[in-house]
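Trainee: This structure is in structure tokens; I'll ask about it shortly.
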Amino acid sequence: MPETHVLRWVKDGNALKAEAEKRGYRAEAQWGNAEQAQQNQQIQSFLTQGAKALIIGCLNDGVGSVVAEAARDKVVVIAYDRLIMNSADFDYFITFNNFKVGQLQGQGIEAALNLASATTAAPKNITLFAGSPTDDNANFFYDGAMSILNPYIDKGVLRVVGPYPKTHADGANFQRIATEGWQAPIAKARMENLLNNDARNVTLDAVLAPNDTLARAIIEACKADAKYRTKLPVVTGQDAEFESAMSIKNGEQYMTVFKDTAKLAEAAILLADQVLKGQTVSIPGTVLASGDLAEIGNTGRKYVNTYLLDPIGVTRSNLNVPVDAGFYEDAEAARLR
Ligand code: BGC
């Protein structure tokens, strides 16, 4: 797994190990501490120990060299949640529909700001943030959200404060709104900077935040600004982290996207099991990415077989969904009910 500063990966690694052991495998999980070099060492050591399959949530395409080694050793490699870019040395990717994750964020803003009724006389104001430029998921999250928001921006009823890449393909502007390594302090500093500069003379109605870790950092920056003391902008998120679920319950963060990572881990181990046994792959609860969605599995060198789980948008009104799915510890669930 890539990192521990975003909580989900801690759960993902533990769930993968448990699911593999349930199926009778010997399994080991390690976390790369947000450093691709460190993760490569971990992977190399797994190869030396004779691993038959590697399930990798990578940091960036620097993982390609060890994936090539694995391919030479005929070790099964599954890209987990994040695609391994610029590699043709593996065949499988299991993740969520990442374009839909973004659409759910965009739709959250659309509903909360009632954009359908907004006018050019009184346009709404938004600031845009994206995830790490080294993570292909960040592109899909952003493009999904903007597929909902761009029509309102074009109509002049939604105004962007700060840089405005229409899609991630506008690399120069995307770089300006991206958050290297998904690091909260970077998003917080950028938000503080915006509040003191581009957003100084406007009141922001919404902030597109790509995940919960960054959403909370953005909210923290807003809270320190007198203008937002009584009413925060609508802030989106992703991962249904407990702290963000509490923030939603308390009326601060507006929404999150629930991705049931326990199901992702279960599906990834089933996939590994079927591939190792040479069986036909069939993963319940997923769809094989095809049509436009096939791009989610495009490494730039090849299209890998990509299995997608379905994400769910969560606001205060359906906070029970991740709770009822058993996503939280009992004590956490009790606080969320
Ligand atoms: C994952 C998100 C996560 C982000 C930061 C993305 O690749 O899909 O769930 O919030 O990385 O770790």
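Residues are named by chain letter and number: chains run A, B, ... in the order of the structure tokens, numbers start at 1 in each chain, and ligands are numbered from 1 in the order shown.
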Residues within 6 Å of stretch 52-67 of chain A, please, as a VMD selection string. Count only C-alpha atoms; anything in the same chain fewer than 6 positions from it doesn't count.
Mentor: chain A and resid 1 to 2 36 75 to 80 82 84 to 85 87 134
Trainee: Could you produce a table of the residues of chain A lying within 8 Å of ligand 1, with the nearest pair of atoms per residue and their separation in Å rounded to one decimal, using only C-alpha atoms and all ligand atoms, ordered by chain and increasing residue number, as JSON lines?
Mentor:
{"residue": "A:Pro2", "atom": "CA", "partner": "ligand 1", "partner_atom_place_in_ligand_line": "12 (O)", "distance": 7.7}
{"residue": "A:Glu3", "atom": "CA", "partner": "ligand 1", "partner_atom_place_in_ligand_line": "12 (O)", "distance": 7.0}
{"residue": "A:His5", "atom": "CA", "partner": "ligand 1", "partner_atom_place_in_ligand_line": "12 (O)", "distance": 7.6}
{"residue": "A:Val6", "atom": "CA", "partner": "ligand 1", "partner_atom_place_in_ligand_line": "12 (O)", "distance": 5.0}
{"residue": "A:Leu7", "atom": "CA", "partner": "ligand 1", "partner_atom_place_in_ligand_line": "12 (O)", "distance": 7.9}
{"residue": "A:Arg8", "atom": "CA", "partner": "ligand 1", "partner_atom_place_in_ligand_line": "9 (O)", "distance": 6.9}
{"residue": "A:Trp9", "atom": "CA", "partner": "ligand 1", "partner_atom_place_in_ligand_line": "12 (O)", "distance": 7.2}
{"residue": "A:Gly57", "atom": "CA", "partner": "ligand 1", "partner_atom_place_in_ligand_line": "7 (O)", "distance": 8.0}
{"residue": "A:Asp81", "atom": "CA", "partner": "ligand 1", "partner_atom_place_in_ligand_line": "8 (O)", "distance": 5.8}
{"residue": "A:Arg82", "atom": "CA", "partner": "ligand 1", "partner_atom_place_in_ligand_line": "7 (O)", "distance": 5.2}
{"residue": "A:Thr95", "atom": "CA", "partner": "ligand 1", "partner_atom_place_in_ligand_line": "8 (O)", "distance": 7.8}
{"residue": "A:Phe96", "atom": "CA", "partner": "ligand 1", "partner_atom_place_in_ligand_line": "8 (O)", "distance": 7.8}
{"residue": "A:Asn98", "atom": "CA", "partner": "ligand 1", "partner_atom_place_in_ligand_line": "8 (O)", "distance": 7.5}
{"residue": "A:Gly131", "atom": "CA", "partner": "ligand 1", "partner_atom_place_in_ligand_line": "4 (C)", "distance": 7.2}
{"residue": "A:Ser132", "atom": "CA", "partner": "ligand 1", "partner_atom_place_in_ligand_line": "5 (C)", "distance": 7.8}
{"residue": "A:Asp135", "atom": "CA", "partner": "ligand 1", "partner_atom_place_in_ligand_line": "7 (O)", "distance": 6.0}
{"residue": "A:Asp136", "atom": "CA", "partner": "ligand 1", "partner_atom_place_in_ligand_line": "7 (O)", "distance": 7.5}
{"residue": "A:Asn137", "atom": "CA", "partner": "ligand 1", "partner_atom_place_in_ligand_line": "7 (O)", "distance": 5.3}
{"residue": "A:Ala138", "atom": "CA", "partner": "ligand 1", "partner_atom_place_in_ligand_line": "7 (O)", "distance": 6.8}
{"residue": "A:Gly181", "atom": "CA", "partner": "ligand 1", "partner_atom_place_in_ligand_line": "5 (C)", "distance": 7.6}
{"residue": "A:Trp182", "atom": "CA", "partner": "ligand 1", "partner_atom_place_in_ligand_line": "5 (C)", "distance": 5.4}
{"residue": "A:Pro210", "atom": "CA", "partner": "ligand 1", "partner_atom_place_in_ligand_line": "10 (O)", "distance": 7.4}
{"residue": "A:Asn211", "atom": "CA", "partner": "ligand 1", "partner_atom_place_in_ligand_line": "10 (O)", "distance": 5.0}
{"residue": "A:Asp212", "atom": "CA", "partner": "ligand 1", "partner_atom_place_in_ligand_line": "10 (O)", "distance": 6.9}
{"residue": "A:Thr213", "atom": "CA", "partner": "ligand 1", "partner_atom_place_in_ligand_line": "10 (O)", "distance": 7.2}
{"residue": "A:Gln238", "atom": "CA", "partner": "ligand 1", "partner_atom_place_in_ligand_line": "10 (O)", "distance": 6.2}
{"residue": "A:Asp239", "atom": "CA", "partner": "ligand 1", "partner_atom_place_in_ligand_line": "9 (O)", "distance": 5.5}
{"residue": "A:Lys259", "atom": "CA", "partner": "ligand 1", "partner_atom_place_in_ligand_line": "9 (O)", "distance": 7.5}
Trainee: Which residues are near A:Asn97? Cut-off 12 Å, only C-alpha atoms, ignore same chain within fewer than 6 positions. Put them as an NGL selection string.
Mentor: :A and (81-82 or 103-104 or 137 or 140-141 or 144 or 257-259 or 264 or 286-290 or 292-297 or 306-312)
Trainee: Write a file of the selected residues as a compact mmCIF listing (two decimals), in the first residue's frame, keeping N, CA and C atoms.
Mentor:
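Final file, again36.txt:
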# COMPACT_ATOMS: atom_id res chain seq x y z
N ASP A 81 -6.58 -0.29 -6.77
CA ASP A 81 -7.17 1.03 -6.62
C ASP A 81 -6.54 2.09 -7.53
N ARG A 82 -5.21 2.09 -7.64
CA ARG A 82 -4.50 3.04 -8.50
C ARG A 82 -3.82 2.29 -9.63
N GLN A 103 -18.11 12.51 -10.54
CA GLN A 103 -19.48 12.93 -10.85
C GLN A 103 -20.29 13.11 -9.57
N LEU A 104 -20.11 12.20 -8.63
CA LEU A 104 -20.86 12.30 -7.37
C LEU A 104 -20.47 13.59 -6.62
N ASN A 137 -5.77 8.38 -10.80
CA ASN A 137 -7.13 8.53 -10.28
C ASN A 137 -7.54 10.00 -10.20
N PHE A 140 -9.28 11.28 -13.23
CA PHE A 140 -10.67 10.84 -13.41
C PHE A 140 -11.61 11.50 -12.41
N PHE A 141 -11.14 11.65 -11.16
CA PHE A 141 -11.98 12.33 -10.17
C PHE A 141 -12.31 13.73 -10.68
N GLY A 144 -14.54 13.81 -13.88
CA GLY A 144 -15.91 13.43 -13.54
C GLY A 144 -16.65 14.60 -12.90
N VAL A 257 -17.58 10.54 -0.60
CA VAL A 257 -17.92 9.41 -1.46
C VAL A 257 -17.47 8.15 -0.74
N PHE A 258 -18.45 7.27 -0.52
CA PHE A 258 -18.17 6.02 0.17
C PHE A 258 -17.72 4.97 -0.83
N LYS A 259 -16.48 4.50 -0.63
CA LYS A 259 -15.96 3.40 -1.44
C LYS A 259 -15.71 2.28 -0.44
N LEU A 264 -13.51 -4.01 -1.87
CA LEU A 264 -12.42 -3.94 -2.87
C LEU A 264 -11.34 -4.96 -2.54
N THR A 286 -18.59 -6.37 -9.47
CA THR A 286 -17.78 -5.47 -10.29
C THR A 286 -18.28 -5.50 -11.74
N VAL A 287 -17.96 -4.44 -12.49
CA VAL A 287 -18.16 -4.51 -13.94
C VAL A 287 -16.80 -4.39 -14.61
N LEU A 288 -16.66 -5.05 -15.73
CA LEU A 288 -15.43 -4.95 -16.51
C LEU A 288 -15.49 -3.63 -17.26
N ALA A 289 -14.46 -2.80 -17.10
CA ALA A 289 -14.48 -1.47 -17.73
C ALA A 289 -14.46 -1.61 -19.24
N SER A 290 -15.44 -1.00 -19.89
CA SER A 290 -15.45 -1.02 -21.37
C SER A 290 -15.99 0.33 -21.85
N ASP A 292 -16.22 4.08 -22.82
CA ASP A 292 -15.45 5.23 -22.29
C ASP A 292 -14.68 4.86 -21.03
N LEU A 293 -15.29 3.97 -20.24
CA LEU A 293 -14.67 3.61 -18.95
C LEU A 293 -13.39 2.80 -19.12
N ALA A 294 -13.19 2.25 -20.32
CA ALA A 294 -11.96 1.47 -20.55
C ALA A 294 -10.73 2.33 -20.32
N GLU A 295 -10.88 3.66 -20.50
CA GLU A 295 -9.75 4.57 -20.30
C GLU A 295 -9.20 4.48 -18.87
N ILE A 296 -10.06 4.09 -17.94
CA ILE A 296 -9.61 3.95 -16.54
C ILE A 296 -8.48 2.92 -16.46
N GLY A 297 -8.47 1.98 -17.40
CA GLY A 297 -7.43 0.94 -17.40
C GLY A 297 -6.36 1.14 -18.45
N THR A 306 -9.80 -4.36 -16.40
CA THR A 306 -10.09 -3.46 -15.28
C THR A 306 -11.48 -3.73 -14.72
N TYR A 307 -11.51 -4.02 -13.42
CA TYR A 307 -12.77 -4.35 -12.74
C TYR A 307 -13.16 -3.19 -11.84
N LEU A 308 -14.41 -2.73 -12.00
CA LEU A 308 -14.85 -1.52 -11.29
C LEU A 308 -15.93 -1.82 -10.27
N LEU A 309 -15.73 -1.31 -9.06
CA LEU A 309 -16.79 -1.33 -8.05
C LEU A 309 -17.50 0.02 -8.08
N ASP A 310 -18.66 0.05 -7.44
CA ASP A 310 -19.51 1.23 -7.53
C ASP A 310 -19.38 2.11 -6.28
N PRO A 311 -19.03 3.39 -6.47
CA PRO A 311 -18.97 4.31 -5.31
C PRO A 311 -20.35 4.90 -5.01
N ILE A 312 -20.53 5.38 -3.78
CA ILE A 312 -21.84 5.94 -3.38
C ILE A 312 -21.63 7.32 -2.76
Trainee: Run DSSP on the backbone and grab whatever in stretch 96-230 of chain A lands in strand (DSSP E or B); send it over as an NGL selection string.
Mentor: :A and (96 or 124-128 or 158-160 or 206-208)
Trainee: Please return, as an NGL selection string, all residues of stretch 66-295 of chain A that DSSP assigns to alpha helix (DSSP H) on the basis of the backbone.
Mentor: :A and (66-72 or 98-112 or 136-155 or 171-177 or 184-196 or 212-223 or 242-249 or 261-276)
Trainee: Give me, as a list in words, all polymer residues having an atom no more than 9 Å from A:Ala15, counting only C-alpha atoms and skipping those fewer than 6 positions away in the same chain.
Mentor: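 Near A:Ala15, the qualifying residues are Thr261, Ala262, Ala265 and Glu266 of chain A.
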Trainee: Quick one: pull the distance between atom CA of A:Lys223 and atom CA of A:Arg335, Å, one decimal.
Mentor: 23.1 Å
Trainee: Between atom CA of A:Ala189 and atom CA of A:Ala224, what is the distance in Å, rounded to a tenth?
Mentor: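 Atom CA of A:Ala224 lies 12.2 Å from atom CA of A:Ala189.
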